[in-house]
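One structure is given here, and the rest of the page talks about it.
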Amino acid sequence: MKHKTLFWFFLPTGLAMLIFIAAPIVSVVMQSVFLPHEAVFVEVENCGPFGCKTETTIDQEATALLKKEAPLGRFAGLEVYFDRGHLAVSEVAEAWRTSDGLGEFFGELRDLPFYRAMAFTLTYTFVCTPLLIILGFAIAVAVNSLHRHLKGLVIFFSLLPMIVTPLVGSLILFWMIDSRGILGNFISYLANDPDLSLKASTPLVWISLIVYGIWSSAPFAFVVFYAGLQTVPQDTLESAQIDGATRWQQIRFVVIPYIMPLVTFVALIQLMDNFRVLEPIIGFNAEAHATSLSWIVLNDLGGETRQLGAAATTSVLTLLGVAILLSPVLVRTWRDFRGRT
Amino acid sequence: MIKKLILAGALALAATASAQAACDLSGGRVSIVGNEFPAIQTIGKGAMSCAGGGVEVKTNLTADHQKINLAGMQGNPAEYTSAIIANSSIVALMNEDVIRPLDDLVAKHGGSLKKNQLITISGKVMAVAFMANAQHLVYRADLLEKIGAQPPKTYEEMLDQAKMIRDKGILQNPVGGAYKAGWNLAQEFNNMFLGYGGSHFKSGSAEPNVNSDAGVKALNMMKALSEYMNPDFLTHDSNATNAEYRAGNVALMNMWGSRAATMTDADGVPQEVVDGFKIAGPMTVGGGSISASTLWWDGWTVAKNLSDEDAEATFVAMMKAIDPSILADAEVAKQAVWLIDGYKPTAAATGVFAAAQMNTIPYPMLPYMGLIHTALGAELSDFMQGKESAEQALADVEAAYVAAAKEKGYLK
């Protein structure tokens with residue numbers, strides 16, 4: 001294709017990417033390095049239904065002057081990136097110096113919001129992703145071998161977890177695992193412990209969240225793999241059968257190598273999605289036990305005083321995290337691409 | 001048929017005419033954002049009655065109001081012409097300078113307001129309060145009778161009674177409380193901390209002061225209470241706690257006045273829960289004389305970035321919404337502790353009135369109070385789960401607050 005044609009062909013997409021992807025990222029980065037001006041306080045008398053009281057408030061006229069001088073705010077560079085709410089550089093260094101042994105060091109890290117969120121997010125991502133790929137593949141193989149009259153119905157029911165809105169799905173599960181809910185009651189009956197509460201124990205909350213994550217994302221893997229299974233060459237399979245391959249050997253040596261690119265695709269999408277886990281934490285009211293970077297962003301923006309700078313910084317860190325997470329897969333795809341041409 | 005149409009038309013005309021007469025407006029835009037509890041629904045409906053004849057009135061009443069009101073008032077012209085707020089949430093609007101002084105409008109249209117309804121900051125009226133609120137005790141009189149106890153006056157008595165109720169096998173988890181990690185848990189800490197005589201900041205500065213003797217005592221008391229709560233307490237907000245009470249699982253709890261009035265109105269509440277329901281004042285703690293609670297007002301503001309016509313229309317519509325005549329409806333009168341002229345306290349108001357008489361401290365209106373509230377909400381849950389000491393949790397709160405306050409420019 002001529003360069004000129006390619007340019008005009010790509011222009012609309014390029015513009016859209018610039019406006020909807022590049023510009024917001026630039027704006028978030030700006031918000032993370034520029035902070036609000038230092039507030040000018042004045043003591044004033046506030047009166048209301050409960051009497052009068054001298055209290056501190058912000059001097060709006062003085063603040064307006066400051067804003068006029070430097071509308072972007074004060075430049076802070078990477079200050080927020082390194083503060084306690086984020087990478088907590090000095091706190092980590094302090095913990096490293098003072099703790100005896102790695103156990104204590106990681107214990108201290110758990111106390112810092114960013115590392116606490118990462119601990120859960122990474123566990124969630126790396127447990128959910130492989131398990132949901134395996135489950136999705138198993139469902140796809142099972143459905144593929146069903147009689148064609150049954151397939152439509154089974155596919156519909158297998159897709160349900162993905163169709164249900166994540167927040168609603170997690171809320172339903174949250175009620176079911178309540179100590180008075182159907183699952184919670186059943187589990188405490190199995191464990192023979194009437195006081196067992198899934199919501200009050202951190203390991204059990206993590207397990208519930210991971211089970212929810214697998215349940216809600218497996219249909220995505222299933223749909224992709226099911227579509228892939230339709231294109232597996234029948235003659236290769238037949239020759240494998242003639243050679244006496246068992247059903248397992250056919251799957252292991254014919255089907256899996258054939259759909260491997262799809263596994264990469266699903267892994268890529270799911271790593272990205274799981275790293276940004278938010279809805280189950282909200283739905284399960286799990287913030288006391290598990291947090292994620294997205295949850296921190298929401299918490300910074302949802303408080304009575306909005307912390308735009310802190311939220312923007314966490315967003316940039318999330319972006320970097322996703323990039324690091326995906327880099328092995330991306331490098332591999334790039335090598336495959338280079339190898340082919 | 002035609003007659004009916006003409007009649008309907010005439011009625012509609014008369015209705016618009018009377019609305020115009022009632023609100024006396026020729027035009028303007030009114031758009032209200034606020035919380036959604038029953039009293040605020042009443043205010044929203046009252047303002048809506050000014051619609052018609054060139055006046056446009058919209059309301060957006062939602063529990064997420066705090067997340068949208070500031071952004072919706074920062075534009076020019078502002079999307080929301082009025083935000084219904086409380087003494088905590090007015091601070092966010094003041095910090096960003098998005099609400100206007102109301103002195104001229106009060107002079108022109110505010111004839112029916114009492115002086116204590118005017119929220120003045122540095123002499124300027126910034127909001128008009130219409131109701132008061134506080135957290136206080138609600139209890140099951142029938143269960144306390146079984147253990148032969150009077151309603152507790154202190155949290156120490158509450159603990160003793162909880163133990164007696166559990167030991168007698170009446171209820172396994174007799175104490176209720178909105179201890180959900182986040183805003184609710186932080187608010188319960190605020191109550192207890194103020195009750196022990198604590199103050200959140202070193203006097204006159206934005207330096208945190210929660211890692212103190214009062215802070216540790218407050219946390220230990222909360223931990224002791226949580227031993228008598230449903231083990232899922234860190235997931236229970238006010239709604240969930242009320243549901244526990246309605247189901248008959250709770251005998252003693254600290255609850256908002258604005259929710260106590262309608263506590264047993266839901267369908268399917270067992271009769272003994274309805275009959276046993278009683279309200280009392282807030283409790284004290286640690287031998288203190290100030291109650292372990294905070295006082296709140298709810299009121300409305302008018303946006304700064306507005307034409308004078310829209311601001312006037314908003315003020316008049318909101319005045320109509322809090323007209324003393326709304327109290328004629330017994331249902332409305334019961335919904336809140338109204339600050340409106342002519343309000344006669346109902347039985348549901350005893351808790352809030354007791355709070356006011358006990359010199360309960362109003363929730364502080366400080367620019368940085370919201371930040372420490374957020375920090376408390378995020379950092380206290382580790383202590384409540386027994387994962388760290390009270391001192392460590394409070395040190396974490398202070399560190400988290402300092403980082404946030406530096407970012408916002410409140411601390412150097």
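Order determines the names: the first chain of the structure tokens is A, the second B, and so forth; residues in each chain are numbered 1 upward, and ligands are numbered 1 upward as they are shown.
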What are the residues of chain B lining chain A at 7 Å or less? Count only C-alpha atoms, and put the answer as a PDB file with N, CA and C atoms, in the first residue's frame.
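Output below, filename part.pdb:
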```
ATOM      1  N   GLN B  66     -22.614  12.989  47.199  1.00  0.00           N
ATOM      2  CA  GLN B  66     -21.325  13.629  47.479  1.00  0.00           C
ATOM      3  C   GLN B  66     -20.326  13.449  46.355  1.00  0.00           C
ATOM      4  N   LYS B  67     -20.514  12.372  45.573  1.00  0.00           N
ATOM      5  CA  LYS B  67     -19.558  12.120  44.501  1.00  0.00           C
ATOM      6  C   LYS B  67     -19.841  13.019  43.305  1.00  0.00           C
ATOM      7  N   SER B  89     -20.417  17.771  54.636  1.00  0.00           N
ATOM      8  CA  SER B  89     -20.216  17.878  53.193  1.00  0.00           C
ATOM      9  C   SER B  89     -20.222  19.310  52.686  1.00  0.00           C
ATOM     10  N   ALA B  92     -16.537  20.509  51.574  1.00  0.00           N
ATOM     11  CA  ALA B  92     -15.975  20.257  50.244  1.00  0.00           C
ATOM     12  C   ALA B  92     -16.402  21.359  49.275  1.00  0.00           C
ATOM     13  N   ASN B  95     -14.483  24.563  50.262  1.00  0.00           N
ATOM     14  CA  ASN B  95     -13.070  24.486  49.886  1.00  0.00           C
ATOM     15  C   ASN B  95     -12.862  24.891  48.433  1.00  0.00           C
ATOM     16  N   ASP B  97     -15.012  26.757  46.685  1.00  0.00           N
ATOM     17  CA  ASP B  97     -15.641  28.054  46.413  1.00  0.00           C
ATOM     18  C   ASP B  97     -16.725  27.964  45.342  1.00  0.00           C
ATOM     19  N   ASN B 116     -31.509  30.511  63.973  1.00  0.00           N
ATOM     20  CA  ASN B 116     -30.638  29.337  64.108  1.00  0.00           C
ATOM     21  C   ASN B 116     -30.650  28.424  62.878  1.00  0.00           C
ATOM     22  N   GLN B 117     -31.466  28.779  61.881  1.00  0.00           N
ATOM     23  CA  GLN B 117     -31.413  28.019  60.630  1.00  0.00           C
ATOM     24  C   GLN B 117     -30.312  28.529  59.704  1.00  0.00           C
ATOM     25  N   LEU B 118     -29.825  29.746  59.974  1.00  0.00           N
ATOM     26  CA  LEU B 118     -28.840  30.334  59.067  1.00  0.00           C
ATOM     27  C   LEU B 118     -27.437  29.855  59.434  1.00  0.00           C
ATOM     28  N   ILE B 119     -26.774  29.220  58.479  1.00  0.00           N
ATOM     29  CA  ILE B 119     -25.403  28.778  58.696  1.00  0.00           C
ATOM     30  C   ILE B 119     -24.500  29.909  58.218  1.00  0.00           C
ATOM     31  N   THR B 120     -23.851  30.592  59.157  1.00  0.00           N
ATOM     32  CA  THR B 120     -23.009  31.714  58.746  1.00  0.00           C
ATOM     33  C   THR B 120     -21.543  31.356  58.933  1.00  0.00           C
ATOM     34  N   ILE B 121     -20.768  31.668  57.900  1.00  0.00           N
ATOM     35  CA  ILE B 121     -19.325  31.473  57.945  1.00  0.00           C
ATOM     36  C   ILE B 121     -18.737  32.872  57.855  1.00  0.00           C
ATOM     37  N   SER B 122     -18.016  33.290  58.869  1.00  0.00           N
ATOM     38  CA  SER B 122     -17.408  34.612  58.873  1.00  0.00           C
ATOM     39  C   SER B 122     -18.458  35.690  58.594  1.00  0.00           C
ATOM     40  N   ALA B 181     -16.349  -1.041  57.123  1.00  0.00           N
ATOM     41  CA  ALA B 181     -15.059  -0.405  56.839  1.00  0.00           C
ATOM     42  C   ALA B 181     -15.286   0.768  55.894  1.00  0.00           C
ATOM     43  N   PRO B 231     -20.570 -11.358  63.371  1.00  0.00           N
ATOM     44  CA  PRO B 231     -19.163 -11.394  62.948  1.00  0.00           C
ATOM     45  C   PRO B 231     -18.886 -10.670  61.624  1.00  0.00           C
ATOM     46  N   ASP B 232     -19.918 -10.418  60.835  1.00  0.00           N
ATOM     47  CA  ASP B 232     -19.717  -9.714  59.559  1.00  0.00           C
ATOM     48  C   ASP B 232     -19.766  -8.196  59.726  1.00  0.00           C
ATOM     49  N   LEU B 234     -17.921  -5.729  59.800  1.00  0.00           N
ATOM     50  CA  LEU B 234     -17.159  -4.810  58.932  1.00  0.00           C
ATOM     51  C   LEU B 234     -17.795  -4.635  57.556  1.00  0.00           C
ATOM     52  N   THR B 235     -18.878  -5.376  57.276  1.00  0.00           N
ATOM     53  CA  THR B 235     -19.587  -5.185  56.008  1.00  0.00           C
ATOM     54  C   THR B 235     -20.961  -4.557  56.223  1.00  0.00           C
ATOM     55  N   LEU B 366     -14.152  21.577  59.347  1.00  0.00           N
ATOM     56  CA  LEU B 366     -12.786  22.007  59.053  1.00  0.00           C
ATOM     57  C   LEU B 366     -12.409  21.545  57.649  1.00  0.00           C
ATOM     58  N   PRO B 367     -11.586  22.320  56.931  1.00  0.00           N
ATOM     59  CA  PRO B 367     -11.260  21.959  55.545  1.00  0.00           C
ATOM     60  C   PRO B 367     -10.636  20.571  55.424  1.00  0.00           C
ATOM     61  N   GLY B 370     -12.480  16.026  56.245  1.00  0.00           N
ATOM     62  CA  GLY B 370     -12.835  14.947  55.316  1.00  0.00           C
ATOM     63  C   GLY B 370     -11.666  14.013  55.066  1.00  0.00           C
ATOM     64  N   LEU B 371     -10.454  14.555  55.022  1.00  0.00           N
ATOM     65  CA  LEU B 371      -9.274  13.723  54.743  1.00  0.00           C
ATOM     66  C   LEU B 371      -8.995  12.772  55.897  1.00  0.00           C
ATOM     67  N   THR B 374     -11.524   9.950  55.840  1.00  0.00           N
ATOM     68  CA  THR B 374     -11.179   8.929  54.848  1.00  0.00           C
ATOM     69  C   THR B 374     -10.040   8.042  55.353  1.00  0.00           C
ATOM     70  N   SER B 381      -9.644  -0.839  59.920  1.00  0.00           N
ATOM     71  CA  SER B 381     -10.211  -2.190  59.827  1.00  0.00           C
ATOM     72  C   SER B 381      -9.193  -3.252  60.234  1.00  0.00           C
ATOM     73  N   ALA B 400      -1.285   8.213  56.818  1.00  0.00           N
ATOM     74  CA  ALA B 400      -2.107   8.300  55.608  1.00  0.00           C
ATOM     75  C   ALA B 400      -2.682   9.702  55.467  1.00  0.00           C
ATOM     76  N   ALA B 403       0.045  12.267  54.325  1.00  0.00           N
ATOM     77  CA  ALA B 403       0.333  12.177  52.886  1.00  0.00           C
ATOM     78  C   ALA B 403      -0.758  12.879  52.086  1.00  0.00           C
ATOM     79  N   GLU B 407      -0.623  16.529  49.874  1.00  0.00           N
ATOM     80  CA  GLU B 407      -1.010  16.596  48.471  1.00  0.00           C
ATOM     81  C   GLU B 407      -2.024  17.722  48.239  1.00  0.00           C
ATOM     82  N   LYS B 408      -2.994  17.865  49.169  1.00  0.00           N
ATOM     83  CA  LYS B 408      -4.020  18.891  48.992  1.00  0.00           C
ATOM     84  C   LYS B 408      -3.523  20.283  49.383  1.00  0.00           C
ATOM     85  N   GLY B 409      -2.306  20.393  49.884  1.00  0.00           N
ATOM     86  CA  GLY B 409      -1.767  21.692  50.263  1.00  0.00           C
ATOM     87  C   GLY B 409      -2.229  22.167  51.636  1.00  0.00           C
ATOM     88  N   TYR B 410      -2.712  21.242  52.492  1.00  0.00           N
ATOM     89  CA  TYR B 410      -3.154  21.631  53.833  1.00  0.00           C
ATOM     90  C   TYR B 410      -2.023  21.552  54.849  1.00  0.00           C
TER      91      TYR B 410
END
```
With only C-alpha atoms as the counted atoms, please give the residues lying no more than 8 Å from A:Val297, apart from itself and same-chain residues fewer than 6 positions off, as a PyMOL selection string. chain A and resi 310-312+314-315
Could you write out the selected residues, including N, CA and C atoms, as a PDB file, in the first residue's frame?
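selection-v6.pdb was written with the following content:
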```pdb
ATOM      1  N   ALA A 310      -3.917  12.156  44.062  1.00  0.00           N
ATOM      2  CA  ALA A 310      -3.640  10.790  44.501  1.00  0.00           C
ATOM      3  C   ALA A 310      -4.283   9.791  43.541  1.00  0.00           C
ATOM      4  N   ALA A 311      -5.522  10.069  43.123  1.00  0.00           N
ATOM      5  CA  ALA A 311      -6.221   9.155  42.220  1.00  0.00           C
ATOM      6  C   ALA A 311      -5.507   9.087  40.874  1.00  0.00           C
ATOM      7  N   ALA A 312      -5.061  10.254  40.372  1.00  0.00           N
ATOM      8  CA  ALA A 312      -4.375  10.276  39.080  1.00  0.00           C
ATOM      9  C   ALA A 312      -3.081   9.478  39.157  1.00  0.00           C
ATOM     10  N   THR A 314      -2.378   6.949  41.181  1.00  0.00           N
ATOM     11  CA  THR A 314      -2.676   5.521  41.195  1.00  0.00           C
ATOM     12  C   THR A 314      -3.061   5.039  39.797  1.00  0.00           C
ATOM     13  N   SER A 315      -3.771   5.888  39.030  1.00  0.00           N
ATOM     14  CA  SER A 315      -4.154   5.501  37.671  1.00  0.00           C
ATOM     15  C   SER A 315      -2.919   5.290  36.809  1.00  0.00           C
TER      16      SER A 315
END
```
If we count only C-alpha atoms and set the cut-off at 12 Å, which residues sit around stretch 219-223 of chain A, ignoring sequence neighbours fewer than 3 positions away in its own chain? Please answer as a ChimeraX atom specification. /A:128-144,154-164,213-216,226-230,259,262-270,273
Those residues you just picked out, can you put them in a file as a short mmCIF file (atom, residue, chain, number, x, y, z; two decimals), in the first residue's frame with N, CA and C atoms?
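Listed below is the output, out_37.cif:
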```
data_model
loop_
_atom_site.label_atom_id
_atom_site.label_comp_id
_atom_site.auth_asym_id
_atom_site.auth_seq_id
_atom_site.Cartn_x
_atom_site.Cartn_y
_atom_site.Cartn_z
N CYS A 128 -6.68 -16.46 39.15
CA CYS A 128 -7.89 -16.47 38.31
C CYS A 128 -7.57 -16.82 36.87
N THR A 129 -6.56 -16.15 36.29
CA THR A 129 -6.35 -16.25 34.85
C THR A 129 -6.13 -17.70 34.39
N PRO A 130 -5.14 -18.44 34.95
CA PRO A 130 -4.97 -19.82 34.47
C PRO A 130 -6.19 -20.68 34.73
N LEU A 131 -6.81 -20.53 35.93
CA LEU A 131 -7.94 -21.39 36.26
C LEU A 131 -9.11 -21.13 35.33
N LEU A 132 -9.35 -19.86 35.00
CA LEU A 132 -10.51 -19.59 34.14
C LEU A 132 -10.24 -20.05 32.71
N ILE A 133 -8.96 -20.06 32.31
CA ILE A 133 -8.64 -20.57 30.97
C ILE A 133 -8.89 -22.08 30.94
N ILE A 134 -8.45 -22.78 31.99
CA ILE A 134 -8.65 -24.23 32.03
C ILE A 134 -10.15 -24.55 32.07
N LEU A 135 -10.88 -23.84 32.94
CA LEU A 135 -12.31 -24.10 33.06
C LEU A 135 -13.02 -23.79 31.74
N GLY A 136 -12.68 -22.65 31.14
CA GLY A 136 -13.31 -22.26 29.88
C GLY A 136 -13.04 -23.29 28.80
N PHE A 137 -11.82 -23.80 28.76
CA PHE A 137 -11.47 -24.80 27.75
C PHE A 137 -12.24 -26.09 27.99
N ALA A 138 -12.32 -26.49 29.26
CA ALA A 138 -13.04 -27.73 29.59
C ALA A 138 -14.50 -27.61 29.18
N ILE A 139 -15.12 -26.45 29.46
CA ILE A 139 -16.53 -26.28 29.07
C ILE A 139 -16.64 -26.34 27.55
N ALA A 140 -15.70 -25.68 26.85
CA ALA A 140 -15.77 -25.65 25.39
C ALA A 140 -15.69 -27.06 24.82
N VAL A 141 -14.75 -27.86 25.32
CA VAL A 141 -14.61 -29.23 24.81
C VAL A 141 -15.87 -30.03 25.12
N ALA A 142 -16.39 -29.86 26.33
CA ALA A 142 -17.58 -30.61 26.73
C ALA A 142 -18.77 -30.23 25.85
N VAL A 143 -18.98 -28.93 25.67
CA VAL A 143 -20.13 -28.48 24.88
C VAL A 143 -19.98 -28.94 23.43
N ASN A 144 -18.74 -28.93 22.94
CA ASN A 144 -18.49 -29.29 21.56
C ASN A 144 -18.87 -30.75 21.27
N VAL A 154 -27.31 -25.22 26.21
CA VAL A 154 -26.17 -25.28 27.14
C VAL A 154 -25.29 -24.05 26.97
N ILE A 155 -25.09 -23.62 25.71
CA ILE A 155 -24.27 -22.43 25.47
C ILE A 155 -24.89 -21.23 26.17
N PHE A 156 -26.22 -21.10 26.04
CA PHE A 156 -26.90 -19.97 26.67
C PHE A 156 -26.63 -19.96 28.18
N PHE A 157 -26.82 -21.11 28.83
CA PHE A 157 -26.63 -21.14 30.29
C PHE A 157 -25.17 -20.94 30.68
N SER A 158 -24.25 -21.43 29.82
CA SER A 158 -22.84 -21.25 30.15
C SER A 158 -22.44 -19.78 30.05
N LEU A 159 -23.15 -19.03 29.24
CA LEU A 159 -22.79 -17.62 29.06
C LEU A 159 -23.37 -16.73 30.15
N LEU A 160 -24.36 -17.25 30.89
CA LEU A 160 -25.07 -16.40 31.86
C LEU A 160 -24.16 -15.60 32.80
N PRO A 161 -23.12 -16.22 33.42
CA PRO A 161 -22.30 -15.44 34.34
C PRO A 161 -21.70 -14.20 33.70
N MET A 162 -21.41 -14.27 32.38
CA MET A 162 -20.83 -13.11 31.72
C MET A 162 -21.90 -12.06 31.41
N ILE A 163 -23.14 -12.54 31.20
CA ILE A 163 -24.22 -11.61 30.85
C ILE A 163 -24.63 -10.78 32.07
N VAL A 164 -24.64 -11.43 33.24
CA VAL A 164 -25.04 -10.71 34.46
C VAL A 164 -24.03 -9.59 34.74
N GLY A 213 -14.36 -14.45 40.51
CA GLY A 213 -13.62 -14.01 39.32
C GLY A 213 -13.60 -15.09 38.26
N ILE A 214 -13.37 -16.33 38.68
CA ILE A 214 -13.33 -17.44 37.71
C ILE A 214 -14.73 -17.65 37.13
N TRP A 215 -15.72 -17.66 38.00
CA TRP A 215 -17.11 -17.89 37.58
C TRP A 215 -17.54 -16.86 36.54
N SER A 216 -17.17 -15.59 36.77
CA SER A 216 -17.70 -14.55 35.89
C SER A 216 -16.91 -14.43 34.59
N TYR A 226 -14.53 -22.15 22.11
CA TYR A 226 -15.57 -22.88 21.38
C TYR A 226 -15.53 -22.51 19.90
N ALA A 227 -15.37 -21.20 19.63
CA ALA A 227 -15.26 -20.75 18.23
C ALA A 227 -14.02 -21.37 17.61
N GLY A 228 -12.91 -21.40 18.37
CA GLY A 228 -11.67 -21.98 17.85
C GLY A 228 -11.83 -23.46 17.53
N LEU A 229 -12.56 -24.20 18.40
CA LEU A 229 -12.73 -25.65 18.20
C LEU A 229 -13.44 -25.95 16.89
N GLN A 230 -14.31 -25.02 16.43
CA GLN A 230 -15.04 -25.26 15.18
C GLN A 230 -14.10 -25.29 13.98
N ILE A 259 -5.05 -24.30 18.96
CA ILE A 259 -5.72 -23.10 19.49
C ILE A 259 -4.81 -22.28 20.42
N LEU A 262 -5.10 -18.56 20.52
CA LEU A 262 -6.30 -18.08 21.22
C LEU A 262 -6.06 -18.03 22.73
N VAL A 263 -5.29 -19.01 23.24
CA VAL A 263 -4.99 -19.01 24.67
C VAL A 263 -4.21 -17.74 25.01
N THR A 264 -3.25 -17.39 24.14
CA THR A 264 -2.49 -16.16 24.36
C THR A 264 -3.42 -14.96 24.39
N PHE A 265 -4.36 -14.93 23.43
CA PHE A 265 -5.31 -13.82 23.36
C PHE A 265 -6.14 -13.72 24.63
N VAL A 266 -6.71 -14.85 25.06
CA VAL A 266 -7.54 -14.83 26.27
C VAL A 266 -6.70 -14.43 27.48
N ALA A 267 -5.48 -14.95 27.56
CA ALA A 267 -4.62 -14.63 28.70
C ALA A 267 -4.34 -13.13 28.74
N LEU A 268 -4.08 -12.57 27.57
CA LEU A 268 -3.78 -11.13 27.47
C LEU A 268 -4.95 -10.30 28.01
N ILE A 269 -6.14 -10.59 27.48
CA ILE A 269 -7.32 -9.82 27.87
C ILE A 269 -7.61 -10.01 29.36
N GLN A 270 -7.51 -11.26 29.83
CA GLN A 270 -7.89 -11.53 31.22
C GLN A 270 -6.87 -11.00 32.21
N ASP A 273 -7.82 -7.42 32.47
CA ASP A 273 -9.09 -7.24 33.20
C ASP A 273 -8.92 -7.53 34.68
#
```
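Each of A:Arg332, A:Lys67, A:Arg97, A:Arg116 was compared to A:Ser292 using only C-alpha atoms, and A:Arg116 turns out to be the nearest.
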Picked from stretch 46-226 of chain A by DSSP as alpha helix (DSSP H), as an MDAnalysis selection string: chainID A and resid 60:69 79:82 89:98 102:109 113:144 148:163 166:176 182:190 202:226
Skip stretch 74-88 of chain B itself and residues of its chain fewer than 6 positions away, then list as a CSV table (one decimal) with N, CA and C atoms, in the first residue's frame all residues within 7 Å of it, counting only C-alpha atoms.
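For reference, around.csv as written:
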```csv
chain,number,residue,atom,x,y,z
B,30,VAL,N,-34.2,25.6,38.3
B,30,VAL,CA,-33.8,25.0,39.6
B,30,VAL,C,-33.4,23.6,39.4
B,31,SER,N,-32.3,23.2,39.9
B,31,SER,CA,-31.8,21.8,39.8
B,31,SER,C,-31.1,21.4,41.1
B,32,ILE,N,-31.7,20.4,41.8
B,32,ILE,CA,-31.3,20.1,43.2
B,32,ILE,C,-30.6,18.7,43.2
B,33,VAL,N,-29.5,18.7,43.9
B,33,VAL,CA,-28.8,17.4,44.1
B,33,VAL,C,-28.7,17.2,45.6
B,34,GLY,N,-29.0,15.9,46.1
B,34,GLY,CA,-29.0,15.7,47.5
B,34,GLY,C,-29.1,14.2,47.9
B,98,VAL,N,-17.7,27.0,45.5
B,98,VAL,CA,-18.7,26.9,44.5
B,98,VAL,C,-20.1,27.3,45.0
B,296,TRP,N,-25.4,17.0,64.0
B,296,TRP,CA,-25.4,17.3,62.5
B,296,TRP,C,-26.6,18.1,62.2
B,297,TRP,N,-26.4,19.0,61.2
B,297,TRP,CA,-27.5,19.6,60.6
B,297,TRP,C,-27.5,19.3,59.1
B,298,ASP,N,-28.7,19.3,58.5
B,298,ASP,CA,-28.8,19.2,57.0
B,298,ASP,C,-29.4,20.5,56.5
B,299,GLY,N,-28.9,20.9,55.4
B,299,GLY,CA,-29.4,22.2,54.9
B,299,GLY,C,-29.2,22.3,53.4
B,300,TRP,N,-29.5,23.4,52.8
B,300,TRP,CA,-29.3,23.6,51.4
B,300,TRP,C,-28.5,24.8,51.0
B,301,THR,N,-27.9,24.8,49.9
B,301,THR,CA,-27.0,25.9,49.5
B,301,THR,C,-27.4,26.3,48.1
B,302,VAL,N,-26.9,27.4,47.6
B,302,VAL,CA,-27.2,27.9,46.2
B,302,VAL,C,-25.8,28.1,45.5
B,303,ALA,N,-25.8,27.5,44.3
B,303,ALA,CA,-24.5,27.6,43.6
B,303,ALA,C,-24.0,29.0,43.3
B,305,ASN,N,-21.9,29.9,40.5
B,305,ASN,CA,-21.8,30.1,39.1
B,305,ASN,C,-23.2,30.1,38.5
B,306,LEU,N,-24.1,31.1,38.7
B,306,LEU,CA,-25.4,31.1,38.3
B,306,LEU,C,-25.8,32.5,37.9
B,311,ALA,N,-30.5,31.9,40.6
B,311,ALA,CA,-30.2,31.9,42.0
B,311,ALA,C,-31.5,32.2,42.8
B,314,THR,N,-34.0,29.5,42.6
B,314,THR,CA,-33.6,28.3,43.5
B,314,THR,C,-33.9,28.6,44.9
B,363,TYR,N,-20.3,17.9,64.5
B,363,TYR,CA,-19.2,17.3,63.6
B,363,TYR,C,-18.4,18.5,63.1
B,365,MET,N,-16.5,21.4,61.2
B,365,MET,CA,-16.5,21.9,59.9
B,365,MET,C,-15.1,22.5,59.5
```
Could you list, as a count of residues only, every residue within 8 Å of B:Asn359, counting only C-alpha atoms and ignoring same-chain residues fewer than 3 positions away? 4
